[in-house]
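Have a look at my_file-v1.txt below; it lists compact mmCIF, C-alpha atoms.
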# COMPACT_ATOMS: atom_id res chain seq x y z
CA MET A 1 101.13 215.49 180.79
CA ARG A 2 103.95 217.82 181.66
CA VAL A 3 104.13 221.07 179.72
CA GLU A 4 107.67 220.37 178.55
CA ASP A 5 106.61 216.95 177.21
CA PHE A 6 103.63 218.45 175.37
CA ASP A 7 105.91 221.09 173.81
CA MET A 8 108.45 218.43 172.80
CA PHE A 9 105.81 216.29 171.08
CA CYS A 10 104.37 219.37 169.33
CA THR A 11 107.81 220.35 168.01
CA LEU A 12 108.46 216.81 166.83
CA LEU A 13 105.15 216.57 165.00
CA LYS A 14 105.49 219.96 163.33
CA GLN A 15 108.98 219.11 162.07
CA ARG A 16 108.00 215.70 160.72
CA SER A 17 104.48 216.29 159.41
CA GLY A 18 103.61 220.00 159.56
CA LEU A 19 100.88 219.25 162.11
CA VAL A 20 100.29 222.15 164.50
CA LEU A 21 98.75 221.35 167.90
CA THR A 22 97.48 224.00 170.29
CA LYS A 23 97.28 223.48 174.05
CA ASP A 24 93.57 222.74 173.89
CA LYS A 25 94.44 219.61 171.87
CA ALA A 26 96.43 218.01 174.70
CA TYR A 27 93.62 215.46 175.14
CA LEU A 28 94.08 214.39 171.50
CA LEU A 29 97.79 213.92 172.02
CA GLU A 30 97.17 211.77 175.09
CA SER A 31 94.43 209.63 173.51
CA ARG A 32 96.45 208.88 170.38
CA LEU A 33 99.87 208.39 171.94
CA MET A 34 98.93 206.20 174.92
CA PRO A 35 98.38 203.20 172.60
CA VAL A 36 101.88 203.78 171.22
CA ALA A 37 103.27 203.84 174.76
CA ARG A 38 101.40 200.66 175.76
CA LYS A 39 102.59 198.85 172.62
CA ARG A 40 106.12 199.43 173.88
CA SER A 41 105.25 198.38 177.45
CA MET A 42 105.38 201.93 178.78
CA ARG A 43 102.97 202.98 181.50
CA SER A 44 102.73 206.69 180.76
CA LEU A 45 103.45 209.44 178.27
CA ASP A 46 106.24 210.57 180.59
CA GLU A 47 108.04 207.34 179.76
CA LEU A 48 107.32 207.79 176.07
CA ALA A 49 108.68 211.34 176.15
CA SER A 50 111.82 210.17 177.99
CA SER A 51 112.36 207.48 175.36
CA VAL A 52 112.05 210.01 172.54
CA ARG A 53 114.56 212.30 174.23
CA GLY A 54 116.96 209.52 175.14
CA GLN A 55 117.50 207.85 171.78
CA LYS A 56 117.09 208.32 168.04
CA ASP A 57 114.59 205.52 167.52
CA GLU A 58 113.29 206.24 164.01
CA ALA A 59 110.66 203.51 164.24
CA LEU A 60 109.25 205.08 167.41
CA LEU A 61 109.25 208.58 165.91
CA ARG A 62 107.40 207.21 162.89
CA GLU A 63 104.80 205.47 165.09
CA ILE A 64 104.19 208.70 166.99
CA THR A 65 103.84 210.73 163.79
CA GLU A 66 101.49 208.24 162.14
CA ALA A 67 99.35 207.96 165.27
CA MET A 68 98.78 211.72 165.25
CA THR A 69 98.30 212.22 161.50
CA THR A 70 95.92 209.37 160.67
CA ASN A 71 92.66 211.13 159.84
CA GLU A 72 89.16 209.92 159.15
CA SER A 73 87.90 209.63 155.59
CA SER A 74 84.80 208.42 153.76
CA PHE A 75 83.59 207.62 150.26
CA PHE A 76 82.07 210.53 148.30
CA ARG A 77 82.93 212.81 151.22
CA ASP A 78 80.83 215.98 150.97
CA GLN A 79 79.54 214.77 147.54
CA LYS A 80 79.75 218.22 145.88
CA PRO A 81 83.47 217.96 144.93
CA PHE A 82 82.79 214.74 143.04
CA ASP A 83 79.78 216.22 141.28
CA LEU A 84 82.07 219.06 140.19
CA PHE A 85 84.65 216.54 139.05
CA ARG A 86 82.11 214.64 136.94
CA ASN A 87 80.20 217.62 135.51
CA VAL A 88 82.75 220.44 135.41
CA VAL A 89 86.36 219.32 135.55
CA LEU A 90 86.21 216.08 133.57
CA PRO A 91 84.48 217.56 130.47
CA ARG A 92 87.10 220.32 130.34
CA VAL A 93 90.00 217.90 130.75
CA LEU A 94 88.59 215.60 128.06
CA GLU A 95 88.48 218.61 125.74
CA VAL A 96 91.96 220.00 126.34
CA ARG A 97 93.68 216.59 126.57
CA SER A 98 91.93 215.09 123.53
CA SER A 99 95.14 214.82 121.49
CA ARG A 100 97.29 213.39 124.29
CA ARG A 101 94.51 211.25 125.81
CA GLN A 102 96.16 211.02 129.19
CA LEU A 103 94.79 212.05 132.61
CA ARG A 104 96.78 212.10 135.84
CA ILE A 105 95.10 212.64 139.22
CA TRP A 106 96.69 212.91 142.66
CA SER A 107 94.89 212.38 145.96
CA ALA A 108 97.20 213.86 148.61
CA ALA A 109 97.01 212.66 152.24
CA CYS A 110 94.50 210.03 151.12
CA SER A 111 94.38 208.14 154.45
CA SER A 112 92.82 204.69 153.89
CA GLY A 113 92.04 205.34 150.23
CA GLN A 114 88.37 206.29 150.07
CA GLU A 115 88.96 209.50 148.10
CA PRO A 116 91.03 208.06 145.21
CA TYR A 117 88.71 205.06 144.99
CA THR A 118 85.75 207.45 144.77
CA VAL A 119 87.48 209.21 141.86
CA ALA A 120 88.04 205.79 140.27
CA MET A 121 84.31 205.01 140.61
CA VAL A 122 83.38 208.27 138.87
CA LEU A 123 85.83 207.56 136.05
CA SER A 124 84.54 204.00 135.77
CA ASP A 125 81.05 205.39 135.19
CA GLU A 126 82.50 207.50 132.36
CA ALA A 127 84.40 204.59 130.80
CA THR A 128 82.83 205.05 127.37
CA LYS A 129 84.16 208.61 127.11
CA LEU A 130 87.57 207.53 128.36
CA ARG A 131 88.08 204.58 126.02
CA GLY A 132 91.66 204.70 124.72
CA TRP A 133 92.80 207.07 127.48
CA LYS A 134 95.67 206.39 129.87
CA ILE A 135 94.42 207.11 133.40
CA ASP A 136 96.77 207.42 136.38
CA ILE A 137 95.34 207.91 139.88
CA ILE A 138 97.97 208.30 142.60
CA GLY A 139 97.06 208.21 146.29
CA THR A 140 99.71 209.22 148.83
CA ASP A 141 99.83 209.31 152.59
CA LEU A 142 102.42 209.79 155.31
CA SER A 143 101.30 206.62 157.09
CA GLY A 144 102.66 203.32 155.80
CA GLU A 145 99.87 201.53 157.65
CA MET A 146 97.20 203.59 155.87
CA VAL A 147 98.85 203.10 152.48
CA GLU A 148 98.88 199.32 152.95
CA ARG A 149 95.25 199.37 154.06
CA ALA A 150 94.32 201.43 151.00
CA ARG A 151 96.08 198.97 148.70
CA ASN A 152 94.08 196.11 150.18
CA GLY A 153 90.87 198.09 149.72
CA ILE A 154 88.99 196.35 152.55
CA TYR A 155 86.45 198.35 154.55
CA THR A 156 84.02 197.73 157.38
CA GLN A 157 80.25 197.84 157.06
CA PHE A 158 80.28 201.18 158.87
CA GLU A 159 82.80 202.64 156.40
CA VAL A 160 80.88 201.61 153.29
CA GLN A 161 77.61 202.90 154.73
CA ARG A 162 79.03 206.44 155.09
CA GLY A 163 78.36 208.31 151.86
CA LEU A 164 78.58 205.35 149.48
CA PRO A 165 75.43 204.88 147.36
CA ILE A 166 74.10 201.32 147.50
CA THR A 167 74.40 201.07 143.72
CA MET A 168 78.13 201.78 143.98
CA LEU A 169 78.52 199.20 146.75
CA VAL A 170 76.86 196.50 144.65
CA LYS A 171 78.78 197.45 141.51
CA HIS A 172 82.28 197.95 142.88
CA PHE A 173 82.62 195.83 146.04
CA ARG A 174 82.48 192.18 147.04
CA GLN A 175 81.78 190.93 150.53
CA VAL A 176 84.67 189.33 152.42
CA GLY A 177 83.37 187.92 155.69
CA ASP A 178 81.84 190.84 157.55
CA LYS A 179 83.77 193.41 155.46
CA TRP A 180 83.75 194.72 151.90
CA GLN A 181 86.59 194.81 149.37
CA ILE A 182 86.96 197.11 146.37
CA SER A 183 86.86 195.24 143.06
CA PRO A 184 90.19 194.26 141.45
CA GLN A 185 89.36 196.52 138.49
CA LEU A 186 89.20 199.62 140.72
CA ARG A 187 92.24 198.60 142.77
CA GLU A 188 94.22 198.39 139.54
CA MET A 189 93.22 201.97 138.68
CA VAL A 190 94.90 203.46 141.77
CA THR A 191 98.56 203.41 142.77
CA PHE A 192 99.28 204.08 146.45
CA LYS A 193 102.58 205.43 147.75
CA GLU A 194 104.00 206.61 151.05
CA HIS A 195 104.79 210.30 150.75
CA ASN A 196 105.17 213.26 153.07
CA LEU A 197 103.59 216.48 151.79
CA LEU A 198 106.49 218.39 153.34
CA GLY A 199 108.95 216.48 151.19
CA GLU A 200 109.99 216.88 147.56
CA LEU A 201 107.08 216.13 145.21
CA GLY A 202 108.90 216.12 141.86
CA SER A 203 109.21 212.33 141.78
CA LEU A 204 105.44 212.01 141.53
CA GLY A 205 105.28 213.61 138.06
CA THR A 206 102.83 216.21 136.75
CA PHE A 207 99.09 216.16 137.46
CA ASP A 208 95.98 217.48 135.74
CA VAL A 209 93.86 217.31 138.91
CA VAL A 210 95.01 217.42 142.55
CA PHE A 211 92.82 216.63 145.55
CA CYS A 212 94.31 218.08 148.75
CA ARG A 213 91.15 218.37 150.80
CA ASN A 214 90.97 218.96 154.56
CA VAL A 215 94.75 218.84 154.91
CA LEU A 216 95.87 222.46 155.10
CA ILE A 217 93.68 223.09 158.16
CA TYR A 218 96.27 221.24 160.26
CA PHE A 219 99.18 223.47 159.18
CA ASP A 220 100.32 226.96 160.16
CA GLN A 221 100.39 229.70 157.50
CA PRO A 222 104.04 229.30 156.38
CA THR A 223 103.61 225.53 156.03
CA LYS A 224 100.38 225.99 154.06
CA GLY A 225 102.22 228.31 151.69
CA ARG A 226 105.09 225.87 151.27
CA VAL A 227 102.76 222.96 150.52
CA LEU A 228 100.75 224.97 147.98
CA SER A 229 103.95 226.10 146.27
CA GLN A 230 105.08 222.49 146.02
CA ILE A 231 101.72 221.45 144.57
CA ALA A 232 101.92 224.25 142.00
CA ARG A 233 105.23 222.80 140.78
CA VAL A 234 103.66 219.41 140.00
CA MET A 235 100.41 220.71 138.49
CA ALA A 236 99.82 221.27 134.80
CA PRO A 237 99.34 225.01 134.10
CA ASP A 238 95.73 224.32 133.12
CA GLY A 239 95.14 221.88 135.97
CA PHE A 240 92.66 221.95 138.85
CA LEU A 241 93.19 221.89 142.61
CA TYR A 242 90.61 220.80 145.16
CA LEU A 243 90.77 222.07 148.75
CA GLY A 244 88.36 221.46 151.63
CA GLY A 245 85.33 223.67 152.15
CA ALA A 246 86.95 225.40 155.15
CA GLU A 247 90.26 225.98 153.34
CA THR A 248 91.41 228.84 151.14
CA VAL A 249 94.43 230.14 149.23
CA LEU A 250 93.64 233.76 150.03
CA GLY A 251 96.44 235.43 151.96
CA ILE A 252 98.59 232.31 151.62
CA THR A 253 99.74 232.05 148.01
CA GLU A 254 99.42 233.93 144.74
CA ARG A 255 99.93 230.78 142.65
CA PHE A 256 96.25 229.76 142.77
CA LYS A 257 92.91 231.47 142.63
CA PRO A 258 89.33 230.19 143.15
CA LEU A 259 87.47 229.11 140.04
CA GLU A 260 84.58 231.54 139.82
CA GLY A 261 81.34 230.10 141.13
CA GLN A 262 82.86 226.75 142.18
CA ARG A 263 83.49 226.44 145.91
CA GLY A 264 86.61 224.50 146.85
CA LEU A 265 87.97 224.37 143.28
CA TYR A 266 91.09 226.34 142.29
CA VAL A 267 93.15 226.98 139.17
CA MET A 268 96.64 228.28 138.53
CA VAL A 269 96.93 232.04 138.20
CA GLY A 270 97.78 232.74 134.56
CA GLY A 271 96.95 229.18 133.50
CA SER A 272 94.55 228.57 130.63
CA ALA A 273 91.94 227.10 132.99
CA SER A 274 91.71 230.46 134.76
CA GLY A 275 91.04 232.41 131.57
CA ALA A 276 88.69 231.76 128.70
CA GLY A 277 88.30 228.14 129.73
CA SER A 278 86.46 229.22 132.86
CA GLY A 279 83.47 230.24 130.79
CA SER A 280 83.11 226.81 129.26
CA LEU A 281 83.51 225.33 132.73
CA ARG A 282 80.65 227.43 134.06
CA ARG A 283 78.48 226.38 131.12
CA ALA A 284 79.31 222.72 131.82
CA ALA A 285 78.37 223.23 135.46
CA GLY A 286 75.00 224.58 134.43

Using structure tokens, write down the structure that the file contains.
Amino acid sequence: MRVEDFDMFCTLLKQRSGLVLTKDKAYLLESRLMPVARKRSMRSLDELASSVRGQKDEALLREITEAMTTNESSFFRDQKPFDLFRNVVLPRVLEVRSSRRQLRIWSAACSSGQEPYTVAMVLSDEATKLRGWKIDIIGTDLSGEMVERARNGIYTQFEVQRGLPITMLVKHFRQVGDKWQISPQLREMVTFKEHNLLGELGSLGTFDVVFCRNVLIYFDQPTKGRVLSQIARVMAPDGFLYLGGAETVLGITERFKPLEGQRGLYVMVGGSASGAGSGSLRRAAG
């Protein structure tokens, strides 16, 4: 691939998705964009680059962006965040929202839906405690293809074997041919929408818990700061933010701080969850 074509694709992707590619990721660009080129009967990335430069084909630009931003996911990924959700976050939310009895959760950049469905499984297990509550789980992704796949809730044998306990598979899935589909009850618990993290988030409403795991690692520092500022605007002051294990807010934003003793879990600076409530959270964790 020519250097000028690589630079052009990198600029395009950063503008549209925030994704930052370094030169050592040229192989990734080639492997993911060649199928896009072939789909349009192009023989090389040179032709694809020429087409991008020569016309404002929004459908093509979208295909390129989605091809590069579709990331792998799995059920109960890393496990620990969902243990924290069940044992630490949920008890606190049930306490502070007891009068309103409403819980809103956002899974940002949810890919094919495994993360929000995992949250739905955890909440389903706690159904007795949540009787009479209004639960909203929103899953968003840049890719329309991934959003549609998430809505259908159909996964391969390989996908359900990765991280999903057999008891959960039996309880929440039914077999469809050689694949597995999430139960209608769980699919009804989650609403999926197309949404770009770089766009305006206000239309999504306010959330008590936000999962934005393993997303910021693809952005440069200014973009990370912008995304975290946007998330802060749609989070309840006493809400909770999940980031990936390799991600941090340190040196990026002063809106969030780590919850003491809980890796990957953050609260708003000055919010009630960062003050006296933290003690009760630590006791719940123990």

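As for CA of Glu194 (chain A) and CA of Gly144 (chain A), they are spaced 5.9 Å apart.
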
For Arg16 (chain A), find every residue with an atom within 9 Å (counting only C-alpha atoms), except residues of its own chain fewer than 2 positions away, and show them as a CSV table (one decimal) with C-alpha atoms, keeping the file's coordinate frame.
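The resulting file, out29.csv, is reproduced below:
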chain,number,residue,atom,x,y,z
A,11,THR,CA,107.8,220.4,168.0
A,12,LEU,CA,108.5,216.8,166.8
A,13,LEU,CA,105.2,216.6,165.0
A,14,LYS,CA,105.5,220.0,163.3
A,18,GLY,CA,103.6,220.0,159.6
A,19,LEU,CA,100.9,219.2,162.1
A,61,LEU,CA,109.2,208.6,165.9
A,62,ARG,CA,107.4,207.2,162.9
A,65,THR,CA,103.8,210.7,163.8
A,196,ASN,CA,105.2,213.3,153.1
A,198,LEU,CA,106.5,218.4,153.3

So what do you get for CA of Phe240 (chain A) versus CA of Glu95 (chain A), distance-wise?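 Interatomic distance here is 14.2 Å.
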
Could you please determine the separation between CA of Val122 (chain A) and CA of Thr156 (chain A) in Å, to one decimal place?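 Between CA of Val122 (chain A) and CA of Thr156 (chain A) the gap works out to 21.3 Å.
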
Padding 8 Å on every side, please: axis-aligned box over the listed atoms of region 161-175 of chain A, centre and edge lengths to one decimal in Å, as AutoDock Vina command-line options.
--center_x 78.4 --center_y 199.6 --center_z 148.3 --size_x 24.5 --size_y 33.4 --size_z 29.6

Considering only C-alpha atoms, return as JSON, numbers by chain whatever protein or nucleic-acid residues lie within 10 Å of Arg263 (chain A), sequence-local ones (same chain, fewer than 3 positions apart) excluded. {"A": [80, 81, 84, 242, 243, 244, 245, 246, 248, 258, 259, 260, 266]}

For Leu48 (chain A), which of A:Val147, A:Asp83, A:Arg77, A:Met8 is the closest residue, counting all atoms listed in the file?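 Comparing A:Val147, A:Asp83, A:Arg77, A:Met8 against Leu48 (chain A), the winner is A:Met8.
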
Just checking: using only C-alpha atoms, which residue out of A:Ala150, A:Arg2, A:Arg86, A:Leu204 ends up closest to Glu47 (chain A)?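 Among the listed residues, the smallest separation from Glu47 (chain A) belongs to A:Arg2.
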
Which polymer residues have any atom within 7 Å of an atom of region 183-188 of chain A, counting only C-alpha atoms, with same-chain residues fewer than 6 positions away left out, as a PDB file with C-alpha atoms, in the coordinates of the input?
ATOM      1  CA  TYR A 117      88.710 205.060 144.990  1.00  0.00           C
ATOM      2  CA  ALA A 120      88.040 205.790 140.270  1.00  0.00           C
ATOM      3  CA  HIS A 172      82.280 197.950 142.880  1.00  0.00           C
ATOM      4  CA  PHE A 173      82.620 195.830 146.040  1.00  0.00           C
ATOM      5  CA  ARG A 174      82.480 192.180 147.040  1.00  0.00           C
TER       6      ARG A 174
END

Compare A:Arg101, A:Lys129, A:Lys56, A:Lys179 by their minimum atom-to-atom distance to Asn152 (chain A), counting only C-alpha atoms, and give me the closest one.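 Closest to Asn152 (chain A), using only C-alpha atoms: A:Lys179.
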
Using only C-alpha atoms, find the one residue out of A:Asp178, A:Glu200, A:Asp208, A:Glu126 that sits nearest to Ile138 (chain A).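 Counting only C-alpha atoms, the residue closest to Ile138 (chain A) is A:Asp208.
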
If you count all atoms listed in the file, which residues fall within 12 Å of Gln161 (chain A), apart from same-chain ones fewer than 4 positions away, as a list of chain:residue names? A:Ser74, A:Phe75, A:Phe76, A:Arg77, A:Tyr155, A:Thr156, A:Gln157, A:Pro165, A:Ile166, A:Thr167, A:Met168, A:Leu169, A:Val170, A:Lys179, A:Trp180

Residues from the last selection, C-alpha atoms, saved as a compact mmCIF listing (two decimals), in the coordinates of the input:
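To be explicit, this is the file written out as part.txt:
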# COMPACT_ATOMS: atom_id res chain seq x y z
CA SER A 74 84.80 208.42 153.76
CA PHE A 75 83.59 207.62 150.26
CA PHE A 76 82.07 210.53 148.30
CA ARG A 77 82.93 212.81 151.22
CA TYR A 155 86.45 198.35 154.55
CA THR A 156 84.02 197.73 157.38
CA GLN A 157 80.25 197.84 157.06
CA PRO A 165 75.43 204.88 147.36
CA ILE A 166 74.10 201.32 147.50
CA THR A 167 74.40 201.07 143.72
CA MET A 168 78.13 201.78 143.98
CA LEU A 169 78.52 199.20 146.75
CA VAL A 170 76.86 196.50 144.65
CA LYS A 179 83.77 193.41 155.46
CA TRP A 180 83.75 194.72 151.90

Write out as a list of chain:residue names which residues come within 12 Å of Val227 (chain A) when counting only C-alpha atoms, dropping same-chain ones fewer than 6 positions away. A:Ser17, A:Gly18, A:Ala108, A:Ala109, A:Asn196, A:Leu197, A:Leu198, A:Gly199, A:Glu200, A:Leu201, A:Cys212, A:Val215, A:Leu216, A:Ile217, A:Tyr218, A:Phe219, A:Asp220, A:Gln221, A:Arg233, A:Val234, A:Val249, A:Ile252, A:Thr253, A:Arg255

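Considering all atoms listed in the file, the residue among A:Phe158, A:Glu254, A:Ile105, A:Ile135 positioned nearest to Met235 (chain A) is A:Ile105.
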